[in-house]
There are 4 protein chains.
Amino acid sequence: MLPEPPQCTFASDNTSGASPEVLEALCGANEGYSIAYGDDRHTSDLRTAMNALFDREVSTFLAWGGTGANIVGLQALIRPWQGVICTQSSHINVDECGAPERFLGSKLIDVPSPNAKLSAAQISDQLGVLGVVHHVQPGAVSITQSTEYGTVYSVKELKEIVDVAHQAGLRVHMDGARIANAAVALGCDVASFTSEVGIDILSFGGTKNGMVYGEAIIVFDPSLSEAVEYLQKQSAQLPSKMRFIAAQFLAMLNDDLWLDQARHANEMAALLSERISSISEVTITQPTQANAVFATLPKEAISRLQEWTPFYTWEGDNEVRWMTSFSTKASDVEILAEGIKTVLGE
Amino acid sequence: MLPEPPQCTFASDNTSGASPEVLEALCGANEGYSIAYGDDRHTSDLRTAMNALFDREVSTFLAWGGTGANIVGLQALIRPWQGVICTQSSHINVDECGAPERFLGSKLIDVPSPNAKLSAAQISDQLGVLGVVHHVQPGAVSITQSTEYGTVYSVKELKEIVDVAHQAGLRVHMDGARIANAAVALGCDVASFTSEVGIDILSFGGTKNGMVYGEAIIVFDPSLSEAVEYLQKQSAQLPSKMRFIAAQFLAMLNDDLWLDQARHANEMAALLSERISSISEVTITQPTQANAVFATLPKEAISRLQEWTPFYTWEGDNEVRWMTSFSTKASDVEILAEGIKTVLGE
Amino acid sequence: MLPEPPQCTFASDNTSGASPEVLEALCGANEGYSIAYGDDRHTSDLRTAMNALFDREVSTFLAWGGTGANIVGLQALIRPWQGVICTQSSHINVDECGAPERFLGSKLIDVPSPNAKLSAAQISDQLGVLGVVHHVQPGAVSITQSTEYGTVYSVKELKEIVDVAHQAGLRVHMDGARIANAAVALGCDVASFTSEVGIDILSFGGTKNGMVYGEAIIVFDPSLSEAVEYLQKQSAQLPSKMRFIAAQFLAMLNDDLWLDQARHANEMAALLSERISSISEVTITQPTQANAVFATLPKEAISRLQEWTPFYTWEGDNEVRWMTSFSTKASDVEILAEGIKTVLGE
Amino acid sequence: MLPEPPQCTFASDNTSGASPEVLEALCGANEGYSIAYGDDRHTSDLRTAMNALFDREVSTFLAWGGTGANIVGLQALIRPWQGVICTQSSHINVDECGAPERFLGSKLIDVPSPNAKLSAAQISDQLGVLGVVHHVQPGAVSITQSTEYGTVYSVKELKEIVDVAHQAGLRVHMDGARIANAAVALGCDVASFTSEVGIDILSFGGTKNGMVYGEAIIVFDPSLSEAVEYLQKQSAQLPSKMRFIAAQFLAMLNDDLWLDQARHANEMAALLSERISSISEVTITQPTQANAVFATLPKEAISRLQEWTPFYTWEGDNEVRWMTSFSTKASDVEILAEGIKTVLGE
């Protein structure tokens with residue numbers, strides 16, 4: 001018989017609320033009056049903090065959500081006759097209801113990838129059409145770090161991608177909705193796999209890592225900043241009371257809270273992966289490098305488990321995704337593992 | 001000599017933070033786990049509350065900000081070869097960096113209006129091109145209530161507008177970023193000047209009236225709801241942790257807090273208007289019906305006052321706008337009035 | 001040693017000029033004065049002729065070129081959050097520089113197809129996301145008849161496609177840039193595989209079959225006509241001196257010239273296919289059903305042949321496409337076949 | 001009693017067909033085979049001829065129609081957050097069904113102008129919003145030469161416009177659908193009021209001056225050429241059998257046929273203007289500088305005349321526009337003048 005279901009859900013990391021430090025900071029920003037749209041003390045402080053984090057001058061813009069951050073950044077990188085190379089499973093390709101095509105007025109050049117990672121070779125393969133007026137011109141590459149499958153690009157892989165892209169005149173965008181999970185997984189500071197490998201624009205995620213709302217757009221190439229400024233407003237991604245987002249991010253950066261929260265999420269995924277990897281009817285389908293566990297198990301078992309606690313199936317008919325977050329409890333992971341074993345009769 | 005400047009600013013109603021009740025509700029929504037994108041208890045409760053407020057079934061969608069709410073609603077009302085009739089001074093026309101044209105792929109048919117109100121006759125004047133393929137076809141009307149000039153449409157004026165629009169097959173959108181201020185000014189319930197006059201889609205503002213962030217899109221015509229659902233996602237206006245917006249709105253609707261806050265803002269504007277109306281070099285240029293005071297005064301006086309406390313000049317060279325909010329203190333209004341008198345030597 | 005190269009080129013059917021009858025008709029339309037944009041006698045006559053051709057009332061619009069006809073028709077079929085299912089090798093997907101994504105503001109849902117034909121099953125496979133707001137909603141299907149690979153859908157295949165699409169609420173668009181070649185290949189009248197199977201909008205090609213310029217958009221569902229009218233103008237596809245296109249089409253429809261010209265083109269492709277099919281190093285890769293021959297041959301042979309007469313390689317490294325047209329001479333086909341044999345030492 | 005109506009119509013210059021030389025050239029281009037999309041001898045020759053005409057290297061692109069040429073050129077000049085300053089009566093603003101807003105994804109900043117001419121001062125007036133993220137940024141100016149009201153900018157006026165625009169970082173586009181009429185009116189070569197005053201991109205009209213179809217996009221700033229190349233294809237404005245347009249333009253440039261034809265059109269307008277200027281109930285409302293006559297006359301007279309021969313009324317209730325073309329006969333002008341007198345009882 002199945003135990004009581006876990007108190008948290010493994011459906012997505014955005015089912016969690018916000019961490020107490022973040023909420024406190026948001027409330028703390030409520031005092032007094034600030035000119036809207038970023039001309040406030042908190043946003044100014046955050047810009048300084050981001051410069052420190054990347055150890056160089058960057059342009060920091062604060063947007064509402066992940067799709068918004070992505071489409072503003074991407075618009076700054078290309079013109080309408082240019083397309084964006086990405087994986088078929090990328091969030092921009094499958095989970096944004098066509099927002100990129102709508103805002104860019106162009107095509108996503110999506111290539112298949114079994115682990116949601118793009119390779120430098122796949123980019124090269126797309127460059128043959130450069131200069132031919134009949135074809136959408138590859139103009140940018142967008143990669144997700146950590147990926148939609150919970151995998152993580154190594155610094156070496158990123159360098160290869162950026163090199164092949166830049167040599168061909170393409171820009172590189174990183175969707176970092178879960179960049180904290182990648183930073184923890186790689187064990188190196190965030191600049192080493194973003195600005196230092198040559199990423200042009202980064203969506204720096206906040207929401208999935210324990211903020212109420214808010215994402216940052218980090219522009220490393222100063223020549224792109226002006227475009228981002230106007231595109232953000234025109235794309236309806238410019239929050240008026242911006243101080244409330246800035247304050248949350250300041251709380252996240254303070255004492256590396258953002259890394260601590262992501263570390264916990266990654267550890268919970270690793271724990272789950274470890275607990276279920278020996279079950280004979282379960283196959284872990286992706287390396288558990290960040291805060292997601294992908295696995296296949298019999299369809300009937302999936303149905304029974306979903307009645308017990310909500311989570312999503314993935315591409316394949318019998319593949320599931322379990323996400324962990326900053327607030328996932330180890331005890332809940334144990335309950336989920338227990339439930340899986342129970343259903344599979346182990 | 002000028003007194004100490006006011007503690008609040010009169011630059012805009014979005015320079016205020018959030019009211020304590022709203023902040024408490026936001027924090028209260030942080031417990032536990034909720035499926036994202038609106039499939040949560042708070043959003044469900046808010047939908048019920050909105051049905052009650054309008055005394056009929058409406059479709060309630062929660063978006064990030066005012067521009068986002070406007071462009072989602074407008075997209076649902078027209079096809080790309082159709083334009084939106086609005087006033088030249090409307091927010092969608094001058095303050096959204098072309099977002100409407102970008103999202104609609106069409107023209108705003110902007111007509112001059114000395115008081116930021118559109119008339120039924122002005123709509124009629126635009127209908128001559130209907131059926132002529134060379135011209136953008138008027139497809140919707142967008143009106144702002146209360147207006148960008150702090151004026152308020154009467155129920156009769158709204159009925160005339162909706163009638164002339166609907167008879168010609170045009171839809172009607174209301175930008176209600178400051179709808180609470182209008183409701184208080186009119187002294188009647190919100191349904192009586194929205195759903196009951198035939199408005200098709202309403203942007204129901206939260207931010208300017210004391211929320212941290214969040215606006216509602218209220219769809220009165222059920223046949224439009226499906227379009228809004230997808231357009232909201234595609235336009236990057238679908239918040240993931242939606243419960244935090246729903247909770248704020250619930251706090252606003254509770255015990256008519258939203259009306260109380262708007263009433264205070266309106267009263268502060270009336271107080272300011274009253275205090276300065278007798279100054280000989282000051283001319284109040286718009287009836288003070290909501291939470292804005294527009295006035296002309298000598299340019300040198302404007303400059304001196306702006307050095308003392310921030311606010312914006314408007315269209316004319318020597319016209320200024322002072323906005324009040326739920327948190328504006330009467331004492332600050334007195335200080336501002338005092339400052340104006342001082343600078344003008346009265 | 002290679003013979004003298006052919007006088008015509010096999011690079012594309014659009015390398016030909018116009019047939020004498022067409023040119024004569026164009027010149028004949030030059031007399032007198034006509035109100036522009038279609039309010040002329042020739043266009044009126046053509047509309048009558050199209051009604052007769054399809055044996056029912058249809059709406060006929062005349063556009064400049066094939067991409068224009070396609071993007072106008074497709075726009076009328078979907079809203080921006082809806083995508084168009086098509087094959088990866090479709091003209092709209094690879095040869096229009098992103099025009100469909102640009103005009104539609106949406107995604108092409110492109111699926112792989114070895115013979116450039118879409119199947120009903122492939123459409124079914126895409127319907128699982130219907131109703132899920134995060135994903136682009138399949139809203140229309142676009143098929144090319146005859147296809148980009150010179151293959152032809154049977155009436156039965158088309159019926160299956162339309163049925164599965166219509167049952168799910170999707171519209172069906174046919175790119176008929178080479179519809180005459182399909183009609184000849186199928187040996188049945190054009191209505192039997194367009195209006196009668198339920199196609200909603202058809203791009204009826206003229207240019208590739210021997211017109212100077214001009215394509216028709218045939219709208220079978222009267223409820224879509226108004227949208228097409230405005231979209232055509234807004235998309236810059238409304239010719240002013242429209243009589244010159246109408247006159248060409250009238251010449252084409254007269255005495256079935258359009259079918260005779262396409263029949264010749266198809267026969268020339270069949271002749272070429274027949275002549276080279278027995279060469280051991282040549283593999284015909286697609287059934288030669290219309291006016292294209294696709295074949296693989298050694299890379300070195302391709303290079304030598306391209307120096308001798310221009311034509312294009314295709315997807316694969318050693319695959320080539322030879323197109324025939326109304327004006328291709330049998331003697332030129334023999335010369336091409338001869339050249340291929342010579343280069344391959346047969 | 002009214003005489004027999006004129007054989008030609010004065011409704012528009014696009015009611016005429018093509019001149020014999022143009023038609024002959026089109027037919028002459030029909031021989032043999034040419035690679036499509038501009039890689040042909042005629043297009044190459046035209047590019048050389050355009051370089052000679054402007055006495056410098058220019059980039060020449062051939063598009064289908066006037067709206068297409070305008071929207072391709074304008075797209076190359078601005079990014080989506082930038083708008084185009086133009087007059088309220090400009091063709092792009094009122095006669096293209098929103099095509100510019102659709103393709104540009106932005107606003108036309110339209111300013112009133114009694115004679116359809118924009119002034120440098122009007123441009124300056126729009127520059128105050130530069131740098132303010134909430135407002136559409138003026139990014140380009142578009143002027144029409146000769147204008148929609150048959151007036152002509154002097155070289156001095158153009159210099160002032162370009163200077164104020166370029167100094168503020170704005171680009172300048174010229175809609176030259178009737179550039180030949182302007183060249184004749186100014187009596188100077190076309191370079192002197194286009195490339196030499198600093199126009200960035202020119203729509204060089206062909207259709208209204210006696211071609212079957214076809215307009216040229218002349219790009220004077222080489223840095224903009226690459227964008228135009230792709231935008232033309234993506235905007236569905238790239239003709240496949242381009243030689244047929246090139247051949248027509250070559251015929252026009254040969255022995256200054258384009259100027260001769262425009263000169264005749266201008267003379268016919270001048271003749272009409274002269275003949276009716278003394279009628280007491282007729283007021284010529286615009287200087288007759290090109291091939292249009294604008295006049296007011298009593299409404300009843302307009303109705304009677306329109307039943308006799310077709311032409312359009314304009315903005316005002318009792319204002320009419322009569323257009324002349326390369327093929328307007330002096331005898332028809334005399335008949336029109338006679339008819340007007342008859343109706344007005346003179």
# chains A, B, ... in the order shown; residues from 1 in each chain; ligands from 1
>>> interface_residues(of="chain C", to="chain A", cutoff="7 Å", atoms="only C-alpha atoms", output="count of residues only")
15
>>> select_by_dssp(residues="segment 66-276 of chain D", states="strand (DSSP E or B)", output="PyMOL selection string")
chain D and resi 82-87+108-111+137-144+171-176+201-204+215-219
>>> atom_distance(atom1="atom CA of Ala251 of chain C", atom2="atom CA of Leu74 of chain C")
27.4 Å
>>> select_by_dssp(residues="segment 182-226 of chain C", states="helix (DSSP H, G or I)", output="ChimeraX atom specification")
/C:182-186,190-193,195-197,207-209,222-226
>>> residues_around(residues="Leu170 of chain D", least_positions_apart="6", cutoff="12 Å", atoms="only C-alpha atoms", output="mmCIF file with N, CA, C and O atoms, in the first residue's frame")
data_model
loop_
_atom_site.group_PDB
_atom_site.id
_atom_site.type_symbol
_atom_site.label_atom_id
_atom_site.label_comp_id
_atom_site.auth_asym_id
_atom_site.auth_seq_id
_atom_site.Cartn_x
_atom_site.Cartn_y
_atom_site.Cartn_z
ATOM 1 N N LEU D 74 12.056 50.559 -45.759
ATOM 2 C CA LEU D 74 11.882 51.071 -44.396
ATOM 3 C C LEU D 74 12.385 50.071 -43.354
ATOM 4 O O LEU D 74 13.005 50.460 -42.365
ATOM 5 N N LEU D 77 15.934 50.333 -42.518
ATOM 6 C CA LEU D 77 16.388 51.576 -41.876
ATOM 7 C C LEU D 77 16.178 51.607 -40.369
ATOM 8 O O LEU D 77 16.816 52.394 -39.684
ATOM 9 N N ILE D 78 15.253 50.815 -39.870
ATOM 10 C CA ILE D 78 14.957 50.935 -38.438
ATOM 11 C C ILE D 78 14.868 49.573 -37.745
ATOM 12 O O ILE D 78 14.734 48.539 -38.377
ATOM 13 N N ARG D 79 14.928 49.617 -36.438
ATOM 14 C CA ARG D 79 14.654 48.465 -35.584
ATOM 15 C C ARG D 79 13.242 48.638 -35.019
ATOM 16 O O ARG D 79 12.687 49.754 -35.060
ATOM 17 N N GLN D 82 11.777 51.634 -33.130
ATOM 18 C CA GLN D 82 11.898 52.932 -33.783
ATOM 19 C C GLN D 82 10.722 53.161 -34.724
ATOM 20 O O GLN D 82 10.249 52.225 -35.362
ATOM 21 N N GLY D 83 10.270 54.388 -34.807
ATOM 22 C CA GLY D 83 9.168 54.730 -35.682
ATOM 23 C C GLY D 83 9.633 55.554 -36.867
ATOM 24 O O GLY D 83 10.782 55.996 -36.936
ATOM 25 N N VAL D 84 8.726 55.763 -37.792
ATOM 26 C CA VAL D 84 9.018 56.493 -39.018
ATOM 27 C C VAL D 84 8.176 57.767 -39.042
ATOM 28 O O VAL D 84 6.945 57.704 -39.005
ATOM 29 N N ILE D 85 8.831 58.907 -39.106
ATOM 30 C CA ILE D 85 8.131 60.183 -39.215
ATOM 31 C C ILE D 85 7.669 60.376 -40.657
ATOM 32 O O ILE D 85 8.451 60.222 -41.587
ATOM 33 N N ILE D 123 10.223 67.643 -38.162
ATOM 34 C CA ILE D 123 11.071 66.530 -37.703
ATOM 35 C C ILE D 123 11.688 66.882 -36.354
ATOM 36 O O ILE D 123 11.647 66.095 -35.408
ATOM 37 N N SER D 124 12.240 68.071 -36.276
ATOM 38 C CA SER D 124 12.848 68.517 -35.010
ATOM 39 C C SER D 124 11.876 68.384 -33.847
ATOM 40 O O SER D 124 12.250 67.964 -32.748
ATOM 41 N N GLN D 126 9.790 66.300 -33.221
ATOM 42 C CA GLN D 126 9.571 64.919 -32.772
ATOM 43 C C GLN D 126 10.769 64.336 -32.028
ATOM 44 O O GLN D 126 10.698 63.203 -31.555
ATOM 45 N N LEU D 127 11.845 65.089 -31.933
ATOM 46 C CA LEU D 127 13.078 64.503 -31.419
ATOM 47 C C LEU D 127 13.198 64.558 -29.905
ATOM 48 O O LEU D 127 14.122 63.974 -29.327
ATOM 49 N N LEU D 130 13.690 61.291 -27.905
ATOM 50 C CA LEU D 130 14.863 60.423 -28.110
ATOM 51 C C LEU D 130 15.515 60.094 -26.773
ATOM 52 O O LEU D 130 15.794 60.974 -25.964
ATOM 53 N N GLN D 137 10.891 55.490 -30.583
ATOM 54 C CA GLN D 137 12.012 56.361 -30.928
ATOM 55 C C GLN D 137 11.986 56.711 -32.414
ATOM 56 O O GLN D 137 12.011 55.807 -33.259
ATOM 57 N N PRO D 138 11.951 57.992 -32.738
ATOM 58 C CA PRO D 138 12.065 58.327 -34.162
ATOM 59 C C PRO D 138 13.357 57.730 -34.727
ATOM 60 O O PRO D 138 14.445 57.964 -34.181
ATOM 61 N N GLY D 139 13.231 56.917 -35.772
ATOM 62 C CA GLY D 139 14.397 56.235 -36.329
ATOM 63 C C GLY D 139 14.612 56.535 -37.801
ATOM 64 O O GLY D 139 15.711 56.376 -38.314
ATOM 65 N N ALA D 140 13.559 56.961 -38.448
ATOM 66 C CA ALA D 140 13.675 57.293 -39.865
ATOM 67 C C ALA D 140 12.603 58.305 -40.232
ATOM 68 O O ALA D 140 11.607 58.482 -39.524
ATOM 69 N N VAL D 141 12.841 58.961 -41.350
ATOM 70 C CA VAL D 141 11.885 59.897 -41.944
ATOM 71 C C VAL D 141 11.538 59.334 -43.313
ATOM 72 O O VAL D 141 12.418 58.843 -44.010
ATOM 73 N N SER D 142 10.274 59.367 -43.669
ATOM 74 C CA SER D 142 9.902 58.973 -45.027
ATOM 75 C C SER D 142 9.169 60.123 -45.701
ATOM 76 O O SER D 142 8.190 60.652 -45.159
ATOM 77 N N ILE D 161 15.757 68.684 -44.647
ATOM 78 C CA ILE D 161 15.167 67.499 -44.020
ATOM 79 C C ILE D 161 16.241 66.465 -43.706
ATOM 80 O O ILE D 161 16.330 65.941 -42.588
ATOM 81 N N VAL D 162 17.066 66.169 -44.697
ATOM 82 C CA VAL D 162 18.100 65.150 -44.493
ATOM 83 C C VAL D 162 19.076 65.608 -43.417
ATOM 84 O O VAL D 162 19.490 64.812 -42.561
ATOM 85 N N ASP D 163 19.407 66.884 -43.415
ATOM 86 C CA ASP D 163 20.370 67.361 -42.429
ATOM 87 C C ASP D 163 19.842 67.201 -41.010
ATOM 88 O O ASP D 163 20.537 66.681 -40.137
ATOM 89 N N VAL D 164 18.631 67.642 -40.785
ATOM 90 C CA VAL D 164 18.101 67.546 -39.419
ATOM 91 C C VAL D 164 17.937 66.081 -39.022
ATOM 92 O O VAL D 164 18.191 65.705 -37.873
ATOM 93 N N GLY D 198 21.552 63.161 -49.797
ATOM 94 C CA GLY D 198 21.788 62.253 -48.681
ATOM 95 C C GLY D 198 20.673 61.266 -48.371
ATOM 96 O O GLY D 198 20.676 60.631 -47.305
ATOM 97 N N ILE D 199 19.714 61.114 -49.283
ATOM 98 C CA ILE D 199 18.684 60.082 -49.096
ATOM 99 C C ILE D 199 19.384 58.730 -48.899
ATOM 100 O O ILE D 199 20.364 58.423 -49.571
ATOM 101 N N ASP D 200 18.881 57.918 -47.976
ATOM 102 C CA ASP D 200 19.512 56.626 -47.715
ATOM 103 C C ASP D 200 18.961 55.523 -48.624
ATOM 104 O O ASP D 200 19.722 54.732 -49.160
#
>>> closest_residue(among="D:Thr194, D:Ala120, D:Met211, D:Leu231", to="Gln167 of chain D", atoms="only C-alpha atoms")
D:Ala120
>>> residues_around(residues="segment 305-321 of chain D", least_positions_apart="6", cutoff="7 Å", atoms="only C-alpha atoms", output="PyMOL selection string")
chain D and resi 5+9-11+292-299
>>> write_last_selection(atoms="C-alpha atoms", output="mmCIF file, in the first residue's frame")
data_model
loop_
_atom_site.group_PDB
_atom_site.id
_atom_site.type_symbol
_atom_site.label_atom_id
_atom_site.label_comp_id
_atom_site.auth_asym_id
_atom_site.auth_seq_id
_atom_site.Cartn_x
_atom_site.Cartn_y
_atom_site.Cartn_z
ATOM 1 C CA PRO D 5 -16.796 61.316 -71.640
ATOM 2 C CA THR D 9 -9.804 58.048 -66.899
ATOM 3 C CA PHE D 10 -8.414 60.621 -64.487
ATOM 4 C CA ALA D 11 -8.998 58.371 -61.465
ATOM 5 C CA ALA D 292 -2.143 65.697 -60.117
ATOM 6 C CA VAL D 293 -4.780 68.403 -59.963
ATOM 7 C CA PHE D 294 -6.585 68.913 -56.660
ATOM 8 C CA ALA D 295 -9.587 71.191 -56.633
ATOM 9 C CA THR D 296 -12.741 71.985 -54.744
ATOM 10 C CA LEU D 297 -16.072 72.361 -56.460
ATOM 11 C CA PRO D 298 -19.697 72.073 -55.370
ATOM 12 C CA LYS D 299 -20.740 68.605 -54.190
#
>>> atom_distance(atom1="atom CA of Val282 of chain D", atom2="atom CA of Ala180 of chain D")
28.1 Å
>>> closest_residue(among="A:Ala76, A:Leu259, A:Leu271, A:Ala301", to="Asp332 of chain A", atoms="only C-alpha atoms")
A:Leu271
>>> atom_distance(atom1="atom CA of Asp221 of chain D", atom2="atom CA of Asp39 of chain D")
21.9 Å
>>> residues_around(residues="Ser34 of chain D", least_positions_apart="5", cutoff="7 Å", atoms="only C-alpha atoms", output="list of chain:residue names")
C:Thr15, C:Ser16, D:Asp40
>>> write_last_selection(atoms="C-alpha atoms", output="mmCIF file, in the first residue's frame")
data_model
loop_
_atom_site.group_PDB
_atom_site.id
_atom_site.type_symbol
_atom_site.label_atom_id
_atom_site.label_comp_id
_atom_site.auth_asym_id
_atom_site.auth_seq_id
_atom_site.Cartn_x
_atom_site.Cartn_y
_atom_site.Cartn_z
ATOM 1 C CA THR C 15 14.451 29.719 -65.568
ATOM 2 C CA SER C 16 12.069 29.572 -68.526
ATOM 3 C CA ASP D 40 20.370 37.310 -65.204
#
>>> residues_around(residues="Gln289 of chain C", least_positions_apart="5", cutoff="9 Å", atoms="only C-alpha atoms", output="list of chain:residue names")
C:Ser146, C:Gly150, C:Thr151, C:Val152, C:Asn181, C:Ala182, C:Ala185, C:Leu186, C:Asn266, C:Ala269, C:Ala270
>>> residues_around(residues="Glu148 of chain D", least_positions_apart="4", cutoff="10 Å", atoms="only C-alpha atoms", output="MDAnalysis selection string")
chainID D and resid 87 89:91 115:117 144 152 177:178 290 292
>>> closest_residue(among="D:Leu344, D:Ala165, D:Met252, D:Val190", to="Gln122 of chain D", atoms="only C-alpha atoms")
D:Ala165
